[in-house]
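Presented below is the structure to which this report refers.
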Number of protein chains: 2
Amino acid sequence: MIQDAVPLDDRGLDWIRGGGEAEIVLSSRVRVARNLQGFPFPGRAGAEERADVVERMRAAADHVESLEGGSFWEVDSLDPVDREILVERHLISRDLLATSRGPSSSALVLAPDSSCGVMVNEEDHLRLQALVGGLALEAAWRQVDRLDEEIGALLPLAFHHQFGFLTACPTNVGTGLRASVLIHIPGLVLTKEISKVLEGISQVGLTYRGLYGEGSEVVGNFFQVSNQTTLGKTEEDLIDHLGRVTGKVIDYERSARSVLLAEAPSVLEDKVWRAYGILRAARSLGLEEMMNLLSGVRLGVSLKLLNSPRVETLNEILVCGQLAHLERAAGARLSEQEADVCRATYVRDKLAKDERDAGQAPAGGTSDETVVDGPPSGG
Amino acid sequence: MIQDAVPLDDRGLDWIRGGGEAEIVLSSRVRVARNLQGFPFPGRAGAEERADVVERMRAAADHVESLEGGSFWEVDSLDPVDREILVERHLISRDLLATSRGPSSSALVLAPDSSCGVMVNEEDHLRLQALVGGLALEAAWRQVDRLDEEIGALLPLAFHHQFGFLTACPTNVGTGLRASVLIHIPGLVLTKEISKVLEGISQVGLTYRGLYGEGSEVVGNFFQVSNQTTLGKTEEDLIDHLGRVTGKVIDYERSARSVLLAEAPSVLEDKVWRAYGILRAARSLGLEEMMNLLSGVRLGVSLKLLNSPRVETLNEILVCGQLAHLERAAGARLSEQEADVCRATYVRDKLAKDERDAGQAPAGGTSDETVVDGPPSGG
């Protein structure tokens with residue numbers, strides 16, 4: 001059974017505990033676009049048709065094993081801060097918020113461990129998705145594939161014998177699959193190798209963007225790399241291709257870091273310590289500056305120039321340092337200035353805690369084991 | 001008796017322990033220019049004449065009560081790093097180094113507590129000087145006045161019944177007195193009131209310059225304010241005038257700080273904490289950046305936004321974070337890059353110690369008592 005409209009709490013944050021290559025690859029995501037036979041795509045559907053799709057998915061969810069014990073939310077029934085929190089956790093898209101129109105217009109279903117879920121009535125009726133920590137595209141794909149089979153057995157999906165799955169946007173037709181990795185590659189940026197690497201990525205049919213989806217600027221050296229094409233290849237091939245390219249990018253990033261460490265160790269050390277020092281001290285901190293500083297600290301932790309914080313803490317800050325998460329913690333809407341002050345306080349406290357756990361600052365030791373320490377309540 | 005060529009150690013650093021208004025006024029300095037009858041001014045004197053002046057002052061020093069137990073150094077006999085250390089401590093001028101030519105060309109005599117001393121063969125034969133912590137112009141003047149009387153009783157000084165004391169540069173004729181205060185006025189800079197204040201200073205016959213003497217740039221909001229004229233007024237009047245104007249500047253600075261605290265408390269708090277955070281974290285630190293950051297921290301300590309470090313520590317860092325002091329501590333000449341790394345390490349260690357003494361960081365408490373804690377050996 002699925003529960004309705006439970007508090008969001010920490011749902012969707014499991015990925016922050018990391019996984020393989022967690023220092024460079026923050027998370028792996030796979031989604032497939034699916035649509036119900038006999039319904040207009042959401043962009044063309046009327047209110048009743050949209051509500052009908054939501055209702056069908058809600059009813060089916062109770063019988064989907066992957067979602068057993070999970071939760072269901074009608075997006076418009078959530079308070080505005082919770083809606084933004086879902087966006088900040090990448091559980092729903094900003095597009096879903098923009099196109100949602102009143103009750104039962106769109107919805108989210110999430111497995112109890114947040115490992116997978118379904119976004120209802122975004123661009124397509126269903127977006128089946130999985131988000132996993134570290135480099136784990138196959139694991140994410142297995143979850144989505146299973147979810148797809150389970151849902152396909154309950155709901156009639158729009159499928160064409162020649163084109164494959166039909167989708168609202170032709171770029172998704174076929175497998176309907178989009179796989180992506182969120183990677184942190186400051187070494188390539190600092191050594192100015194990044195443009196070559198991004199060019200290479202484009203040449204092999206992949207694409208990249210910033211942390212916040214399509215068209216978003218790259219901030220803090222965080223890149224989302226994903227497949228461009230969905231047609232003409234099997235899902236396994238697409239996943240495998242992205243995984244192999246990501247592996248190469250990781251190798252390039254490691255080489256770039258070695259070069260930096262060899263050529264300008266004190267410059268690098270200074271850079272990462274200053275980033276840490278500012279995050280530990282600032283009393284007001286904008287989101288973009290925070291992300292840039294987190295990038296420096298992440299690099300420092302990865303290279304063992306810093307012995308705290310843990311990578312998990314850095315992941316958590318990246319999510320929970322965003323506006324809606326800060327508003328939830330403050331119990332109030334915040335002006336930009338207020339948010340900057342709350343963000344600075346949140347970051348300082350988080351880092352101070354990790355510093356104490358690691359047994360003080362000065363560089364040298366290592367502490368990048370990912371000890372689990374529950375993130376703060378966000379719902 | 002005077003000792004010859006003893007190690008410099010911490011001589012000349014007594015002022016860092018502060019005094020009245022120490023948060024805004026770092027130090028008060030008074031010097032008078034004196035010349036020996038019958039000798040050409042140093043700029044015109046030959047090697048033998050210069051050596052003769054040095055020898056006469058050396059011989060007299062043994063009988064000057066103010067200097068009893070003090071030390072004597074021939075500047076050219078010092079190793080190059082020690083010479084630079086004397087400049088960095090403002091005990092000799094860079095001009096003295098520039099004009100000094102071989103053995104016995106120029107010298108320094110210093111009282112055992114460094115409170116006063118004599119620079120020999122700079123622009124004038126003798127520059128009698130006193131350097132005291134905080135706002136203490138009268139105390140500094142009393143020391144110089146006494147030294148002047150004692151030396152005048154032993155050596156025939158060039159004096160004209162109408163012009164007063166004769167000096168190499170006409171701008172010093174008369175009293176030969178230059179009194180100055182080193183003040184830290186970030187509030188006036190941040191509120192942009194500074195140009196008005198500096199204009200006012202000029203209008204009342206005073207002048208200002210940066211931390212490193214004539215023509216030096218103002219860095220870190222540290223200004224040296226001194227009298228412009230030496231003629232036509234008594235020494236007491238000149239001292240009194242500078243003291244009263246300094247008192248007004250202190251009042252203006254306090255008002256400016258109140259305005260800043262009232263209008264943008266979180267901006268100010270953020271600024272001082274970031275400065276502190278960078279100083280605590282940086283692994284490479286240029287001199288000018290250090291001074292600017294020290295300015296922020298000093299303001300924060302003064303406003304009790306930071307509860308460490310002590311003002312004395314900030315004064316000490318301002319002196320001992322300079323190149324020659326770092327070289328002495330490292331036991332080697334340093335490239336700029338090496339110096340920046342040594343400077344960062346020195347500053348971090350100093351601040352960490354004060355932080356421990358103050359019992360941890362987060363703002364709130366107060367700890368601007370000036371507990372005496374010997375500065376590091378510099379000789």
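Identifiers in the structure tokens: chain A, B, ... in order shown; residue index from 1 per chain; ligand index from 1 in order shown.
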With 6 Å as the cut-off and only C-alpha atoms counted, what is the closest atom pair between each nearby residue of chain B and chain A? Distances in Å to one decimal, ordered by chain and number, as a tab-separated table.
```
residue	atom	partner	partner_atom	distance
B:Asp270	CA	A:Arg283	CA	4.3
B:Trp273	CA	A:Ala281	CA	5.3
B:Arg274	CA	A:Ala282	CA	5.1
B:Gly277	CA	A:Gly277	CA	4.6
B:Ile278	CA	A:Gly277	CA	5.4
B:Ala281	CA	A:Gly277	CA	5.0
B:Ala282	CA	A:Arg274	CA	5.1
B:Arg283	CA	A:Asp270	CA	4.3
B:Ser284	CA	A:Asp270	CA	5.7
```
Those same residues - all heavy atoms - I'd like them written as an mmCIF file, in the first residue's frame.
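Wrote out17.cif, looks like this:
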```
data_model
loop_
_atom_site.group_PDB
_atom_site.id
_atom_site.type_symbol
_atom_site.label_atom_id
_atom_site.label_comp_id
_atom_site.auth_asym_id
_atom_site.auth_seq_id
_atom_site.Cartn_x
_atom_site.Cartn_y
_atom_site.Cartn_z
ATOM 1 N N ASP B 270 29.520 39.586 8.665
ATOM 2 C CA ASP B 270 30.004 38.687 7.622
ATOM 3 C C ASP B 270 31.413 39.083 7.194
ATOM 4 O O ASP B 270 32.298 38.238 7.036
ATOM 5 C CB ASP B 270 29.049 38.735 6.427
ATOM 6 C CG ASP B 270 29.399 37.720 5.358
ATOM 7 O OD1 ASP B 270 29.570 36.537 5.706
ATOM 8 O OD2 ASP B 270 29.514 38.103 4.189
ATOM 9 N N TRP B 273 34.050 38.215 9.912
ATOM 10 C CA TRP B 273 34.221 36.772 10.059
ATOM 11 C C TRP B 273 34.913 36.156 8.855
ATOM 12 O O TRP B 273 35.709 35.231 8.975
ATOM 13 C CB TRP B 273 32.876 36.094 10.314
ATOM 14 C CG TRP B 273 32.564 36.045 11.774
ATOM 15 C CD1 TRP B 273 31.757 36.879 12.483
ATOM 16 C CD2 TRP B 273 33.091 35.096 12.728
ATOM 17 N NE1 TRP B 273 31.747 36.512 13.803
ATOM 18 C CE2 TRP B 273 32.546 35.432 13.980
ATOM 19 C CE3 TRP B 273 33.953 34.015 12.633
ATOM 20 C CZ2 TRP B 273 32.852 34.706 15.145
ATOM 21 C CZ3 TRP B 273 34.260 33.296 13.790
ATOM 22 C CH2 TRP B 273 33.714 33.643 15.022
ATOM 23 N N ARG B 274 34.598 36.658 7.666
ATOM 24 C CA ARG B 274 35.286 36.143 6.486
ATOM 25 C C ARG B 274 36.779 36.461 6.547
ATOM 26 O O ARG B 274 37.615 35.627 6.205
ATOM 27 C CB ARG B 274 34.689 36.755 5.211
ATOM 28 C CG ARG B 274 33.424 36.079 4.784
ATOM 29 C CD ARG B 274 32.788 36.817 3.631
ATOM 30 N NE ARG B 274 31.531 36.205 3.296
ATOM 31 C CZ ARG B 274 31.284 35.542 2.163
ATOM 32 N NH1 ARG B 274 32.220 35.456 1.248
ATOM 33 N NH2 ARG B 274 30.129 34.990 1.949
ATOM 34 N N GLY B 277 38.170 34.075 8.916
ATOM 35 C CA GLY B 277 38.165 32.733 8.344
ATOM 36 C C GLY B 277 39.291 32.525 7.344
ATOM 37 O O GLY B 277 39.929 31.470 7.322
ATOM 38 N N ILE B 278 39.538 33.538 6.531
ATOM 39 C CA ILE B 278 40.603 33.401 5.530
ATOM 40 C C ILE B 278 41.970 33.384 6.219
ATOM 41 O O ILE B 278 42.828 32.565 5.893
ATOM 42 C CB ILE B 278 40.521 34.522 4.482
ATOM 43 C CG1 ILE B 278 39.219 34.387 3.677
ATOM 44 C CG2 ILE B 278 41.730 34.484 3.536
ATOM 45 C CD1 ILE B 278 38.925 35.553 2.745
ATOM 46 N N ALA B 281 42.653 30.084 7.659
ATOM 47 C CA ALA B 281 42.662 28.935 6.754
ATOM 48 C C ALA B 281 43.724 29.009 5.666
ATOM 49 O O ALA B 281 44.228 27.981 5.234
ATOM 50 C CB ALA B 281 41.286 28.783 6.105
ATOM 51 N N ALA B 282 44.062 30.226 5.225
ATOM 52 C CA ALA B 282 44.911 30.354 4.040
ATOM 53 C C ALA B 282 46.238 29.625 4.213
ATOM 54 O O ALA B 282 46.790 29.553 5.317
ATOM 55 C CB ALA B 282 45.158 31.823 3.721
ATOM 56 N N ARG B 283 46.735 29.086 3.116
ATOM 57 C CA ARG B 283 48.040 28.402 3.083
ATOM 58 C C ARG B 283 49.073 29.237 2.370
ATOM 59 O O ARG B 283 50.231 28.849 2.250
ATOM 60 C CB ARG B 283 47.893 27.048 2.401
ATOM 61 C CG ARG B 283 47.772 25.858 3.353
ATOM 62 C CD ARG B 283 46.700 26.002 4.375
ATOM 63 N NE ARG B 283 46.755 24.938 5.379
ATOM 64 C CZ ARG B 283 46.016 24.903 6.474
ATOM 65 N NH1 ARG B 283 45.158 25.880 6.730
ATOM 66 N NH2 ARG B 283 46.118 23.918 7.348
ATOM 67 N N SER B 284 48.658 30.384 1.867
ATOM 68 C CA SER B 284 49.562 31.310 1.193
ATOM 69 C C SER B 284 48.929 32.688 1.324
ATOM 70 O O SER B 284 47.745 32.859 1.072
ATOM 71 C CB SER B 284 49.700 30.911 -0.278
ATOM 72 O OG SER B 284 50.454 31.885 -0.972
#
```
Identify, on the basis of only C-alpha atoms, every residue whose closest approach to Glu21 (chain A) does not exceed 7 Å; exclude the query and any residue fewer than 2 positions from it along the same chain; express the result as a count of residues only. 6
Which residues are near Asp251 (chain A)? Cut-off 12 Å, only C-alpha atoms, ignore same chain within fewer than 2 positions. Put them as a PyMOL selection string. chain A and resi 21+24-25+185+187-188+197+244-249+253-258
List as a compact mmCIF listing (two decimals) with N, CA and C atoms, in the first residue's frame the protein and nucleic acid residues near Leu166 (chain A), meaning an atom at most 9 Å away when only C-alpha atoms are counted, but skip any in the same chain fewer than 2 places from it.
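Final output, result38.txt:
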```
# COMPACT_ATOMS: atom_id res chain seq x y z
N ALA A 33 10.38 7.92 -20.09
CA ALA A 33 9.12 8.63 -20.32
C ALA A 33 8.08 7.62 -20.81
N ARG A 34 6.92 7.61 -20.18
CA ARG A 34 5.85 6.70 -20.58
C ARG A 34 4.53 7.47 -20.63
N ASN A 35 3.65 7.02 -21.53
CA ASN A 35 2.35 7.67 -21.61
C ASN A 35 1.25 6.63 -21.67
N LEU A 157 0.35 1.22 -21.84
CA LEU A 157 1.28 2.29 -22.22
C LEU A 157 1.30 2.48 -23.73
N ALA A 158 1.46 3.72 -24.16
CA ALA A 158 1.47 4.03 -25.58
C ALA A 158 2.78 3.56 -26.20
N PHE A 159 2.68 2.59 -27.11
CA PHE A 159 3.87 1.98 -27.71
C PHE A 159 3.61 1.76 -29.20
N HIS A 160 4.59 2.09 -30.01
CA HIS A 160 4.47 1.90 -31.45
C HIS A 160 5.47 0.84 -31.87
N PHE A 163 8.46 2.77 -33.69
CA PHE A 163 9.14 3.87 -32.99
C PHE A 163 9.48 3.55 -31.54
N GLY A 164 8.73 2.60 -30.98
CA GLY A 164 8.92 2.32 -29.55
C GLY A 164 7.94 3.12 -28.72
N ALA A 168 5.73 12.88 -25.57
CA ALA A 168 5.24 14.20 -25.97
C ALA A 168 6.26 14.92 -26.85
N CYS A 169 7.53 14.78 -26.50
CA CYS A 169 8.59 15.41 -27.28
C CYS A 169 9.30 14.33 -28.10
N PRO A 170 9.47 14.57 -29.40
CA PRO A 170 10.08 13.54 -30.25
C PRO A 170 11.49 13.14 -29.80
N ASN A 172 12.38 12.19 -27.11
CA ASN A 172 12.33 11.11 -26.12
C ASN A 172 11.78 9.80 -26.68
N VAL A 173 11.30 9.85 -27.91
CA VAL A 173 10.68 8.67 -28.52
C VAL A 173 11.67 7.51 -28.57
N GLY A 174 11.12 6.30 -28.48
CA GLY A 174 11.93 5.10 -28.59
C GLY A 174 12.05 4.46 -27.23
N THR A 175 13.22 4.57 -26.65
CA THR A 175 13.38 4.02 -25.30
C THR A 175 12.75 4.94 -24.26
N GLY A 176 12.63 6.22 -24.60
CA GLY A 176 12.14 7.20 -23.61
C GLY A 176 13.13 7.38 -22.48
```
Check the smallest atom-to-atom distance from each of A:Pro112, A:Gly12, A:Gly46, A:Gly220 to Leu299 (chain A) using only C-alpha atoms, then report the winner.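 For Leu299 (chain A), the nearest of the given residues is A:Gly220.
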